[in-house]
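input-v5.csv (CSV, C-alpha atoms)
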```
chain,number,residue,atom,x,y,z
R,1,MET,CA,-9.4,-35.1,-8.5
R,2,THR,CA,-9.8,-38.4,-10.2
R,3,THR,CA,-10.0,-41.5,-8.1
R,4,THR,CA,-8.7,-43.9,-10.7
R,5,GLY,CA,-5.1,-44.9,-10.6
R,6,THR,CA,-2.6,-46.1,-8.0
R,7,THR,CA,-2.4,-45.6,-4.3
R,8,GLY,CA,0.6,-44.5,-2.2
R,9,ALA,CA,3.9,-42.9,-2.8
R,10,ALA,CA,4.3,-44.2,-6.3
R,11,ALA,CA,1.5,-42.0,-7.5
R,12,ARG,CA,2.4,-39.3,-10.0
R,13,PRO,CA,3.6,-36.1,-8.3
R,14,ALA,CA,2.6,-32.6,-9.2
R,15,PRO,CA,4.7,-31.5,-12.3
R,16,LYS,CA,6.3,-28.5,-10.4
R,17,ARG,CA,7.3,-28.5,-6.8
R,18,PRO,CA,5.5,-25.6,-5.2
R,19,HIS,CA,7.1,-23.2,-2.7
R,20,GLY,CA,3.6,-22.3,-1.3
R,21,LEU,CA,-0.1,-22.3,-2.0
R,22,ARG,CA,0.1,-19.3,-4.4
R,23,ASP,CA,2.8,-21.0,-6.5
R,24,PHE,CA,0.8,-24.2,-6.4
R,25,TYR,CA,-2.4,-22.6,-7.8
R,26,GLU,CA,-0.6,-20.6,-10.4
R,27,ASN,CA,0.9,-23.8,-11.9
R,28,PRO,CA,-1.0,-24.4,-15.1
R,29,ALA,CA,-0.7,-28.1,-14.6
R,30,VAL,CA,-2.9,-28.1,-11.5
R,31,PRO,CA,-6.5,-29.0,-12.5
R,32,VAL,CA,-9.0,-26.1,-12.0
R,33,ALA,CA,-12.0,-27.7,-13.8
R,34,SER,CA,-14.7,-29.8,-12.2
R,35,GLY,CA,-17.2,-32.2,-13.7
R,36,ASP,CA,-19.9,-31.1,-16.0
R,37,ALA,CA,-22.5,-33.1,-14.1
R,38,ARG,CA,-21.9,-31.1,-11.0
R,39,SER,CA,-21.8,-27.8,-12.9
R,40,LEU,CA,-25.1,-28.6,-14.7
R,41,ARG,CA,-27.0,-29.5,-11.5
R,42,GLN,CA,-25.7,-26.4,-9.8
R,43,ALA,CA,-26.7,-24.2,-12.7
R,44,ARG,CA,-30.2,-25.6,-12.7
R,45,MET,CA,-30.5,-24.8,-9.0
R,46,LEU,CA,-29.3,-21.2,-9.7
R,47,ALA,CA,-31.5,-20.7,-12.8
R,48,ALA,CA,-34.6,-21.8,-10.8
R,49,ALA,CA,-33.7,-19.4,-8.0
R,50,LEU,CA,-33.1,-16.4,-10.3
R,51,GLY,CA,-35.9,-17.0,-12.8
R,52,PRO,CA,-35.6,-16.0,-16.4
R,53,ALA,CA,-33.8,-12.8,-17.4
R,54,THR,CA,-37.1,-11.5,-18.9
R,55,ARG,CA,-38.0,-10.7,-15.3
R,56,GLY,CA,-34.8,-8.6,-15.0
R,57,ALA,CA,-31.2,-9.5,-15.7
R,58,ARG,CA,-29.2,-10.4,-12.6
R,59,VAL,CA,-25.5,-10.1,-11.7
R,60,VAL,CA,-23.9,-13.4,-11.0
R,61,LEU,CA,-20.3,-13.8,-9.8
R,62,ASP,CA,-18.5,-17.0,-10.5
R,63,VAL,CA,-16.0,-16.7,-7.7
R,64,GLY,CA,-13.0,-19.0,-8.1
R,65,CYS,CA,-14.0,-19.4,-11.7
R,66,GLY,CA,-10.9,-21.3,-12.7
R,67,ASP,CA,-10.8,-21.9,-16.4
R,68,GLY,CA,-14.5,-21.0,-16.9
R,69,SER,CA,-15.7,-24.5,-17.7
R,70,ALA,CA,-18.5,-24.3,-15.1
R,71,ALA,CA,-19.7,-21.0,-16.6
R,72,ARG,CA,-19.6,-22.7,-20.1
R,73,VAL,CA,-21.9,-25.4,-18.9
R,74,ALA,CA,-24.2,-23.0,-17.1
R,75,ALA,CA,-24.4,-20.4,-19.9
R,76,PRO,CA,-27.5,-21.9,-21.7
R,77,LEU,CA,-29.5,-21.9,-18.4
R,78,LEU,CA,-28.4,-18.4,-17.4
R,79,ALA,CA,-29.0,-16.7,-20.7
R,80,GLY,CA,-29.6,-13.0,-20.3
R,81,HIS,CA,-28.1,-12.8,-16.9
R,82,ARG,CA,-24.7,-11.1,-16.4
R,83,VAL,CA,-22.1,-13.7,-15.3
R,84,ILE,CA,-18.7,-12.3,-14.2
R,85,GLY,CA,-15.8,-14.6,-13.6
R,86,VAL,CA,-13.6,-13.8,-10.6
R,87,ASP,CA,-10.3,-15.4,-9.7
R,88,TRP,CA,-7.0,-14.3,-8.2
R,89,SER,CA,-4.9,-16.5,-10.6
R,90,GLN,CA,-4.0,-14.6,-13.8
R,91,ASP,CA,-3.5,-17.9,-15.6
R,92,ALA,CA,-7.0,-19.0,-14.7
R,93,LEU,CA,-8.5,-15.7,-15.8
R,94,ARG,CA,-6.7,-15.9,-19.2
R,95,ARG,CA,-8.3,-19.3,-19.8
R,96,ALA,CA,-11.7,-18.3,-18.4
R,97,SER,CA,-11.9,-15.3,-20.8
R,98,GLY,CA,-12.6,-17.9,-23.6
R,99,HIS,CA,-15.9,-18.9,-21.9
R,100,LEU,CA,-16.9,-15.7,-20.0
R,101,PRO,CA,-17.5,-12.2,-21.4
R,102,TYR,CA,-16.4,-10.6,-18.2
R,103,VAL,CA,-13.5,-11.6,-16.0
R,104,VAL,CA,-11.9,-9.7,-13.1
R,105,ARG,CA,-9.2,-10.3,-10.6
R,106,GLY,CA,-10.3,-10.5,-7.0
R,107,GLU,CA,-9.5,-12.1,-3.6
R,108,LEU,CA,-11.5,-13.5,-0.8
R,109,THR,CA,-10.2,-11.2,1.9
R,110,ASP,CA,-11.8,-8.2,3.5
R,111,GLY,CA,-12.8,-6.0,0.6
R,112,GLY,CA,-10.9,-8.1,-1.8
R,113,LEU,CA,-13.7,-8.5,-4.3
R,114,PRO,CA,-13.9,-5.4,-6.5
R,115,PHE,CA,-17.7,-4.9,-6.1
R,116,ALA,CA,-19.6,-2.5,-3.8
R,117,SER,CA,-21.5,-4.0,-0.9
R,118,GLY,CA,-25.0,-5.3,-1.6
R,119,THR,CA,-24.7,-5.1,-5.4
R,120,VAL,CA,-24.6,-8.7,-6.5
R,121,ASP,CA,-27.6,-11.0,-6.9
R,122,ALA,CA,-25.9,-14.4,-6.8
R,123,VAL,CA,-22.6,-16.0,-6.2
R,124,LEU,CA,-21.4,-19.3,-7.7
R,125,PHE,CA,-18.8,-20.8,-5.3
R,126,SER,CA,-17.9,-24.0,-7.0
R,127,GLU,CA,-15.5,-26.2,-5.2
R,128,VAL,CA,-13.5,-23.4,-3.8
R,129,VAL,CA,-14.1,-23.5,-0.1
R,130,GLU,CA,-12.1,-26.7,0.4
R,131,HIS,CA,-9.0,-24.9,-0.9
R,132,LEU,CA,-9.1,-22.0,1.6
R,133,VAL,CA,-7.0,-21.3,4.7
R,134,ASP,CA,-9.6,-18.9,6.0
R,135,PRO,CA,-13.1,-20.0,4.8
R,136,ASP,CA,-14.8,-17.8,7.5
R,137,SER,CA,-13.4,-14.6,6.0
R,138,ALA,CA,-14.2,-15.8,2.5
R,139,LEU,CA,-17.9,-16.2,3.3
R,140,ASP,CA,-17.9,-12.8,5.1
R,141,GLU,CA,-16.7,-11.3,1.8
R,142,LEU,CA,-19.3,-13.1,-0.3
R,143,ARG,CA,-22.0,-12.0,2.1
R,144,ARG,CA,-20.7,-8.4,1.9
R,145,VAL,CA,-21.2,-8.1,-1.9
R,146,LEU,CA,-24.5,-10.0,-2.0
R,147,ARG,CA,-27.7,-7.9,-1.8
R,148,PRO,CA,-30.2,-8.8,1.0
R,149,GLY,CA,-31.8,-12.1,0.0
R,150,GLY,CA,-29.1,-12.7,-2.6
R,151,HIS,CA,-28.2,-16.3,-3.5
R,152,LEU,CA,-25.1,-18.4,-2.6
R,153,MET,CA,-24.6,-21.5,-4.6
R,154,LEU,CA,-21.8,-23.5,-3.0
R,155,SER,CA,-20.4,-26.9,-4.0
R,156,THR,CA,-17.7,-28.9,-2.3
R,157,PRO,CA,-16.6,-32.5,-2.1
R,158,ASN,CA,-18.3,-34.6,0.6
R,159,LEU,CA,-16.0,-36.1,3.2
R,160,ALA,CA,-18.8,-38.6,4.1
R,161,ALA,CA,-19.3,-39.7,0.4
R,162,TRP,CA,-20.5,-43.3,0.3
R,163,TYR,CA,-17.1,-44.8,-0.8
R,164,ASN,CA,-15.2,-42.7,1.8
R,165,ARG,CA,-17.1,-44.4,4.6
R,166,GLY,CA,-15.9,-47.7,3.4
R,167,LEU,CA,-12.3,-46.5,2.8
R,168,LEU,CA,-12.0,-45.1,6.2
R,169,LEU,CA,-13.2,-48.3,7.8
R,170,ALA,CA,-10.5,-50.1,5.9
R,171,GLY,CA,-7.8,-47.7,7.1
R,172,VAL,CA,-7.5,-45.9,3.7
R,173,GLN,CA,-7.2,-42.1,3.5
R,174,PRO,CA,-10.6,-40.7,2.2
R,175,VAL,CA,-10.9,-39.6,-1.4
R,176,PHE,CA,-10.6,-35.7,-1.7
R,177,SER,CA,-8.3,-35.5,1.3
R,178,GLU,CA,-4.7,-34.7,0.8
R,179,VAL,CA,-1.6,-34.7,3.0
R,180,SER,CA,0.9,-33.2,0.6
R,181,LEU,CA,1.1,-30.7,-2.2
R,182,ARG,CA,3.7,-32.9,-4.0
R,183,ALA,CA,2.0,-36.3,-4.3
R,184,ILE,CA,-0.9,-38.4,-3.3
R,185,HIS,CA,-0.3,-40.7,-0.3
R,186,GLY,CA,-2.5,-43.3,1.2
R,187,ARG,CA,-5.6,-43.0,-0.9
R,188,PRO,CA,-6.8,-43.7,-4.5
R,189,GLY,CA,-6.0,-41.1,-7.1
R,190,ARG,CA,-3.2,-39.3,-8.9
R,191,GLU,CA,-3.9,-35.6,-9.1
R,192,VAL,CA,-2.9,-33.2,-6.4
R,193,VAL,CA,-5.4,-30.4,-6.2
R,194,GLY,CA,-4.7,-28.7,-2.9
R,195,HIS,CA,-7.6,-29.5,-0.7
R,196,LEU,CA,-7.2,-28.1,2.8
R,197,ARG,CA,-10.7,-28.5,4.3
R,198,LEU,CA,-13.4,-31.1,3.8
R,199,TYR,CA,-17.1,-31.0,5.0
R,200,THR,CA,-19.9,-33.4,5.7
R,201,ALA,CA,-23.4,-32.3,4.9
R,202,ARG,CA,-24.1,-31.4,8.5
R,203,ALA,CA,-20.9,-29.5,8.9
R,204,LEU,CA,-21.5,-27.5,5.7
R,205,ARG,CA,-25.0,-26.5,6.8
R,206,GLU,CA,-23.8,-25.4,10.2
R,207,PHE,CA,-20.8,-23.5,8.8
R,208,VAL,CA,-22.9,-21.6,6.2
R,209,ALA,CA,-25.6,-20.8,8.7
R,210,ALA,CA,-23.1,-19.5,11.2
R,211,SER,CA,-21.8,-17.1,8.5
R,212,GLY,CA,-25.1,-15.3,8.2
R,213,PHE,CA,-27.0,-17.3,5.5
R,214,ASP,CA,-30.3,-19.1,5.5
R,215,VAL,CA,-29.8,-22.6,4.0
R,216,VAL,CA,-32.5,-23.2,1.4
R,217,ARG,CA,-31.6,-26.6,0.0
R,218,LEU,CA,-28.9,-29.2,0.1
R,219,ALA,CA,-28.5,-31.6,-2.8
R,220,GLY,CA,-26.0,-34.1,-4.1
R,221,ALA,CA,-24.0,-34.5,-7.4
R,222,PRO,CA,-21.9,-37.2,-8.9
R,223,PHE,CA,-18.1,-37.0,-9.1
R,224,HIS,CA,-16.5,-37.3,-12.6
R,225,GLY,CA,-13.5,-39.2,-11.1
R,226,VAL,CA,-15.4,-42.2,-9.9
R,227,PRO,CA,-14.3,-45.4,-11.8
R,228,ARG,CA,-16.7,-46.2,-14.6
R,229,PRO,CA,-18.1,-49.4,-13.1
R,230,LEU,CA,-19.2,-47.5,-10.0
R,231,ARG,CA,-20.7,-44.4,-11.7
R,232,ALA,CA,-24.3,-45.7,-11.8
R,233,LEU,CA,-24.1,-46.3,-8.0
R,234,ASP,CA,-22.6,-42.8,-7.6
R,235,ARG,CA,-25.5,-41.3,-9.4
R,236,LEU,CA,-28.0,-43.2,-7.2
R,237,ALA,CA,-26.2,-41.9,-4.1
R,238,CYS,CA,-27.2,-38.4,-5.1
R,239,ALA,CA,-30.7,-39.1,-3.8
R,240,VAL,CA,-29.2,-39.0,-0.3
R,241,PRO,CA,-27.1,-35.8,-0.2
R,242,GLY,CA,-25.3,-36.8,2.9
R,243,ALA,CA,-23.8,-39.8,1.0
R,244,ALA,CA,-23.3,-38.1,-2.4
R,245,SER,CA,-19.8,-37.4,-3.8
R,246,ILE,CA,-20.4,-33.7,-4.1
R,247,LEU,CA,-22.5,-31.4,-1.9
R,248,LEU,CA,-24.6,-28.7,-3.6
R,249,LEU,CA,-25.8,-26.0,-1.1
R,250,HIS,CA,-28.2,-23.2,-1.9
R,251,ALA,CA,-28.4,-20.4,0.7
R,252,ARG,CA,-29.6,-16.9,0.9
R,253,LYS,CA,-28.2,-13.9,2.6
R,254,ALA,CA,-30.1,-13.4,5.8
```

Turn this file's structure into structure tokens for me.
Amino acid sequence: MTTTGTTGAAARPAPKRPHGLRDFYENPAVPVASGDARSLRQARMLAAALGPATRGARVVLDVGCGDGSAARVAAPLLAGHRVIGVDWSQDALRRASGHLPYVVRGELTDGGLPFASGTVDAVLFSEVVEHLVDPDSALDELRRVLRPGGHLMLSTPNLAAWYNRGLLLAGVQPVFSEVSLRAIHGRPGREVVGHLRLYTARALREFVAASGFDVVRLAGAPFHGVPRPLRALDRLACAVPGAASILLLHARKA
């Protein structure tokens, strides 16, 4: 997801030409990790919502856990709580098992998560929704497994990030958006990560609320791929979530 590098058809293609989305995500060369700054901010929001495990250990699903790097960053803040990594990619689960004590295969379809309804206290949904063909069904499935009042911690790239506003005015494809699974075209960056959907802050709030959640808070986080000279500005932009690189949303099951 890095923004550094060249623009246009000369950008480095994905190492293996995919035949479909499943082949694409099973390719070990496709990045599945996100920045530690985002993971830490999200973990702090979740820890504050759950409270310490001395009040009772909670069950937290890291859905779309990837290689488990987000759980590694969050672990010190969620000590005592039971964090379970869930992904449908066997390769991702193998890598995640080095960071998570529990990993399980599951899918975001009707009944695709191997948990009974209303049994989970919180779901981490870190930069997954932008990869989904059917995000509505995915949120239905997350809502199914969450107990009443359970927490959803969702993060996703911001279509209206401060630099994207300028890029679009200049006729450049916004960062995070992709038109191909084979290479980057028309925007800064090199890595193809398979983004299918992008949200503004307003769209994300409305989408989550329409799925049966009460939105508690929307915050911003920096993006690890911003070029170094612009990183201080990117951190400052987090004060205005609608302009931040990454959107962090906390919602509760209504």

Find, counting only C-alpha atoms, the residue in R:Gly186, R:Arg231, R:Ala209, R:His151 that gets nearest to Ala48 in chain R.
R:His151

Range 104-187 of chain R residues near range 60-82 of chain R within 8 Å, closest pair each, using only C-alpha atoms, as CSV:
```
residue,atom,partner,partner_atom,distance
R:Val120,CA,R:Val60,CA,6.5
R:Asp121,CA,R:Val60,CA,6.0
R:Ala122,CA,R:Val60,CA,4.8
R:Val123,CA,R:Leu61,CA,4.8
R:Leu124,CA,R:Asp62,CA,4.6
R:Phe125,CA,R:Val63,CA,5.5
R:Ser126,CA,R:Gly64,CA,7.1
R:Val128,CA,R:Gly64,CA,6.2
```

Determine, counting only C-alpha atoms, which protein, DNA and RNA residues have an atom within 8 Å of an atom of Phe176 in chain R; residues of the same chain fewer than 6 positions away are not included. Present the result as a PDB file with C-alpha atoms, in the coordinates of the input.
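Writing done, so here's out12.pdb:
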```
ATOM      1  CA  MET R   1      -9.400 -35.100  -8.500  1.00  0.00           C
ATOM      2  CA  PRO R 157     -16.600 -32.500  -2.100  1.00  0.00           C
ATOM      3  CA  LEU R 159     -16.000 -36.100   3.200  1.00  0.00           C
ATOM      4  CA  HIS R 195      -7.600 -29.500  -0.700  1.00  0.00           C
ATOM      5  CA  LEU R 198     -13.400 -31.100   3.800  1.00  0.00           C
TER       6      LEU R 198
END
```

Exercise: Arg197 in chain R partners within 10 Å, all atoms listed in the file, chain neighbours under 3 positions left out, as number ranges by chain:
R: 128-135, 156-157, 159, 176-178, 194

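Compared by their closest atoms to Ala221 in chain R, and using only C-alpha atoms, the residues R:Glu206, R:Arg147, R:Val240, R:Leu169 rank with R:Val240 nearest.
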
Quote the spacing between CA of Leu218 in chain R and CA of Gly35 in chain R in Å to one decimal place.
18.3 Å

Counting only C-alpha atoms, the residue of R:Gly150, R:Gly106, R:Gly111, R:Pro101 that sits nearest Ala49 in chain R:
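Among the listed residues, the smallest separation from Ala49 in chain R belongs to R:Gly150.
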
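For the pair CA of Arg38 in chain R and CA of Leu249 in chain R, the separation is 11.8 Å.
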
Just need range 40-122 of chain R in a file, please: C-alpha atoms, as a short mmCIF file (atom, residue, chain, number, x, y, z; two decimals), in the first residue's frame.
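Done, and the output landed in result-v6.cif:
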```
data_model
loop_
_atom_site.label_atom_id
_atom_site.label_comp_id
_atom_site.auth_asym_id
_atom_site.auth_seq_id
_atom_site.Cartn_x
_atom_site.Cartn_y
_atom_site.Cartn_z
CA LEU R 40 -1.70 0.75 18.03
CA ARG R 41 -4.38 3.45 17.83
CA GLN R 42 -7.04 0.88 17.12
CA ALA R 43 -5.85 -1.35 19.97
CA ARG R 44 -6.02 1.59 22.39
CA MET R 45 -9.62 2.26 21.36
CA LEU R 46 -10.51 -1.40 21.88
CA ALA R 47 -8.70 -1.67 25.23
CA ALA R 48 -10.56 1.40 26.50
CA ALA R 49 -13.89 -0.10 25.40
CA LEU R 50 -13.27 -3.52 26.96
CA GLY R 51 -11.56 -2.45 30.16
CA PRO R 52 -8.89 -4.56 31.89
CA ALA R 53 -9.20 -8.34 31.89
CA THR R 54 -9.37 -8.25 35.70
CA ARG R 55 -13.03 -7.27 35.19
CA GLY R 56 -13.50 -10.42 33.13
CA ALA R 57 -11.68 -11.80 30.10
CA ARG R 58 -13.37 -11.00 26.80
CA VAL R 59 -13.40 -12.87 23.49
CA VAL R 60 -11.98 -10.78 20.66
CA LEU R 61 -11.97 -11.92 17.03
CA ASP R 62 -9.33 -10.45 14.72
CA VAL R 63 -11.27 -11.08 11.50
CA GLY R 64 -9.06 -10.96 8.41
CA CYS R 65 -6.06 -11.23 10.71
CA GLY R 66 -3.57 -11.58 7.86
CA ASP R 67 -0.12 -12.37 9.20
CA GLY R 68 -1.09 -11.45 12.78
CA SER R 69 1.01 -8.28 12.91
CA ALA R 70 -1.91 -6.16 14.17
CA ALA R 71 -2.52 -8.62 17.01
CA ARG R 72 1.19 -8.52 17.86
CA VAL R 73 1.02 -4.75 18.28
CA ALA R 74 -2.24 -4.95 20.26
CA ALA R 75 -1.21 -7.82 22.56
CA PRO R 76 0.30 -5.69 25.38
CA LEU R 77 -2.90 -3.61 25.59
CA LEU R 78 -5.23 -6.61 25.48
CA ALA R 79 -3.39 -8.79 28.00
CA GLY R 80 -5.70 -11.31 29.62
CA HIS R 81 -8.34 -11.12 26.91
CA ARG R 82 -8.70 -14.03 24.49
CA VAL R 83 -7.79 -12.90 20.96
CA ILE R 84 -8.59 -15.32 18.13
CA GLY R 85 -7.29 -14.76 14.62
CA VAL R 86 -9.68 -15.55 11.77
CA ASP R 87 -8.86 -15.65 8.07
CA TRP R 88 -9.83 -17.77 5.09
CA SER R 89 -6.27 -17.80 3.69
CA GLN R 90 -4.35 -20.82 4.97
CA ASP R 91 -1.07 -19.07 4.21
CA ALA R 92 -2.08 -16.07 6.32
CA LEU R 93 -3.12 -18.33 9.20
CA ARG R 94 0.21 -20.13 9.13
CA ARG R 95 1.99 -16.79 9.51
CA ALA R 96 -0.47 -15.49 12.09
CA SER R 97 0.06 -18.51 14.33
CA GLY R 98 3.45 -17.04 15.24
CA HIS R 99 1.73 -14.04 16.86
CA LEU R 100 -1.62 -15.45 18.03
CA PRO R 101 -2.28 -18.38 20.37
CA TYR R 102 -5.54 -19.20 18.57
CA VAL R 103 -6.20 -19.11 14.82
CA VAL R 104 -9.15 -20.52 12.92
CA ARG R 105 -10.32 -20.56 9.34
CA GLY R 106 -13.56 -18.75 8.61
CA GLU R 107 -15.36 -16.79 5.92
CA LEU R 108 -17.54 -13.69 5.90
CA THR R 109 -20.59 -15.34 4.44
CA ASP R 110 -23.85 -16.37 6.10
CA GLY R 111 -22.73 -18.58 8.98
CA GLY R 112 -19.17 -18.62 7.68
CA LEU R 113 -17.57 -17.70 11.00
CA PRO R 114 -17.27 -20.82 13.21
CA PHE R 115 -18.81 -19.17 16.29
CA ALA R 116 -22.29 -19.33 17.75
CA SER R 117 -24.52 -16.28 17.50
CA GLY R 118 -24.10 -13.68 20.25
CA THR R 119 -20.95 -15.19 21.79
CA VAL R 120 -18.20 -12.70 20.88
CA ASP R 121 -17.43 -9.53 22.83
CA ALA R 122 -15.50 -7.61 20.17
#
```
